[in-house]
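Right, one structure below, let's go through it.
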Amino acid sequence: MGKREATAYVQFTQEMKEDYTILIPNMLPMHFKLIMSFMSTYGYKLELLTKSGPEIAETGLRYTHNDTCYPAILVIGQFMDALNSGKYDPDKVALIMFQTGGGCRASNYISLIRKALKNAGYPQVPVISFSLAGIEHHPGFKLTLRQILGMLHAVYYGDLLMTLVNQCRTYEVTPGSAQALADRWTEKLGRELGTGRISGKKADRNYRAIIEDFKKLPLNRRPAVKVGVVGEIFVKYSPLGNNNLEEFLVGEGAQVVVPGLMDFCLYSVYNGIEDHKLYGGGPLAHLGYRLAYKYLTGRREKIGRYLSESGVFEGYTPFSKVVTLTRGYISKGAKMGEGWLLTAEMLELYESGVRNIVCTQPFGCLPNHICGKGMMRPIKERCPGANIVAIDYDAGATKVNQENRLKLMLANAKADDSTAGKTPVVV
């Protein structure tokens, strides 16, 4: 029996790499476009699914149980909507899903997608499990160290662009100018990453050039309420998952502050270090995690320093400090889903002057209800002026109710003189 027949799933083979289109669910458009540009260097043809609207959730509900967490419903909905559209040849298309292998329902997404494909009549479509943990074997999708480093560069660029857009767009003289500038840089960086030529020195020059370009944007500097956004990774970032939360907050005159994707990557690496303390393990694996953590934090702190040195933009809180903020609140052993990082992000926002926080949660997401909503009370008790609201996102939740709760939070923020006085504009 061949290797492919021995598996319980359809593998993405080396032959498929030649002429298959790999579909990617949408979460962070700028980040994902940069990653796609880089991976195209190695012969992969990838396409980002951008269709949104209520029909995506409706399609997802036709192929999975309504008790499945909301991000899974949306991802399956995007995949099935694309396949049912007739735009793609089912015999020449593959799907990709990102997995951490953690102990939440996200680890079941791959199985749920394959079940949906079988029920819809597409059992031949491969589903690639993208995971550095090596959960599955796909001969046509093997990542080298160089490819992993290239993807990390894309994440750093994406985080920087996202940070700058959020620090500018509330104050734009010309609406949409910050995003337009970010889109131009995304295209430029994508072409550069697409050449396969990457280096730390080149990246440093790009960071500075990006910041200088954003400094030139004409902005109307005025007081504004800062609102942090935390929560489950998909609904925190995806406009499809959170009903265009950031756009709504900006429309209400708020400045949005969103932690970067690299923070989640660092959280995952740090958990490997912490597991060695808690449970033991091999010294080589422990050393590997420590070296990765040192490299990742070093580049992140360098970008944060460039932002701070600009004299215009706010930088990043060092991740080494973020790690310490959970002491007395939650154990580092709580690492299901976003785990202790979710609590740490709320505390980091508060310490950096962002008193108003939206905690986005898929309805019924147990890890996030514990580490997010469950930690709101102790945070409020110890952090005077903390204004935190948990918003549930689900196929049955209405956008009107969500926005009404957000408006109440903003009204409370504006009525609090102390909060208004501690939200200096940084543009």
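So you can find residues: chains in the structure tokens are A, B, ... in the order shown, residues in each start at 1, and ligands are numbered from 1 in order.
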
**Report entry** Contacts of segment 399-405 of chain A at 8 Å (only C-alpha atoms; same-chain gap of 3+ positions) as number ranges by chain
**Finding:** A: 243, 389, 391-392, 408-409

Counting only C-alpha atoms, which residues in segment 138-201 of chain A sit no more than 12 Å from segment 295-319 of chain A? For each one, give the nearest pair of atoms and the distance in Å, sorted by chain then residue number, as CSV.
```
residue,atom,partner,partner_atom,distance
A:Leu149,CA,A:Leu296,CA,10.2
A:Leu152,CA,A:Leu296,CA,8.6
A:His153,CA,A:Arg299,CA,9.5
A:Val155,CA,A:Arg300,CA,10.3
A:Tyr156,CA,A:Arg300,CA,7.3
A:Tyr157,CA,A:Ile303,CA,9.5
A:Gly158,CA,A:Ile303,CA,11.8
A:Asp159,CA,A:Arg300,CA,9.6
A:Leu160,CA,A:Ile303,CA,7.6
A:Leu161,CA,A:Ile303,CA,11.2
A:Thr163,CA,A:Glu314,CA,8.9
A:Leu164,CA,A:Phe313,CA,7.6
A:Val165,CA,A:Phe313,CA,10.7
A:Asn166,CA,A:Phe313,CA,10.5
A:Gln167,CA,A:Phe313,CA,7.2
A:Cys168,CA,A:Phe313,CA,9.0
A:Gly200,CA,A:Arg299,CA,8.7
A:Lys201,CA,A:Arg299,CA,11.1
```

Env of segment 217-234 of chain A: 6 Å cut, atoms = only C-alpha atoms, seq-sep filter 6 positions within chain, self excluded. Answer as a compact mmCIF listing (two decimals) with C-alpha atoms, in the first residue's frame.
```txt
# COMPACT_ATOMS: atom_id res chain seq x y z
CA TYR A 171 -7.21 61.50 12.28
CA GLU A 172 -6.95 61.45 8.47
CA VAL A 173 -7.51 64.65 6.56
CA ALA A 254 -12.23 56.14 18.33
CA GLN A 255 -8.61 55.14 17.78
CA VAL A 256 -8.29 51.36 17.58
CA VAL A 257 -5.38 49.53 19.21
CA VAL A 258 -4.91 45.88 18.21
CA VAL A 354 -5.82 52.20 26.76
CA ASN A 356 -11.37 50.92 27.01
CA ILE A 357 -11.19 47.35 25.75
CA VAL A 358 -13.41 45.17 23.59
CA CYS A 359 -13.00 41.45 24.26
CA THR A 360 -14.24 39.64 21.14
CA GLN A 361 -15.45 36.10 21.75
CA VAL A 425 -3.23 61.59 20.46
```

TODO: Tell me which protein, DNA and RNA residues are within 10 Å of Ile379 of chain A, counting only C-alpha atoms, leaving out same-chain ones fewer than 5 positions away, and put them as a ChimeraX atom specification.
DONE: /A:329,343,346-347,350,374,384,386-388

Please dump the current selection as a JSON list (two decimals), in the first residue's frame; keep C-alpha atoms.
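For reference, part_16.json as written:
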```
[["chain", "number", "residue", "atom", "x", "y", "z"],
["A", 329, "TYR", "CA", -4.11, 36.86, 37.74],
["A", 343, "THR", "CA", -5.43, 38.28, 29.97],
["A", 346, "MET", "CA", -5.91, 43.38, 28.40],
["A", 347, "LEU", "CA", -3.46, 44.28, 31.16],
["A", 350, "TYR", "CA", -4.46, 49.17, 30.39],
["A", 374, "GLY", "CA", -13.65, 35.36, 33.33],
["A", 384, "PRO", "CA", -9.20, 51.70, 38.29],
["A", 386, "ALA", "CA", -10.82, 49.89, 33.22],
["A", 387, "ASN", "CA", -13.81, 49.90, 30.85],
["A", 388, "ILE", "CA", -14.04, 46.39, 29.37]]
```

Would you pick out the contacts of Asp213 of chain A at 10 Å or less, using only C-alpha atoms, so that residues sharing its chain but fewer than 5 positions from it are not included, and give the list as a VMD selection string? chain A and resid 178 181 to 182 185 208

Please extract the residues of segment 200-252 of chain A with a backbone DSSP assignment of alpha helix (DSSP H) and present them as a count of residues only. 28

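The interatomic distance for the pair atom CA of Thr326 of chain A and atom CA of Glu348 of chain A works out to 9.5 Å.
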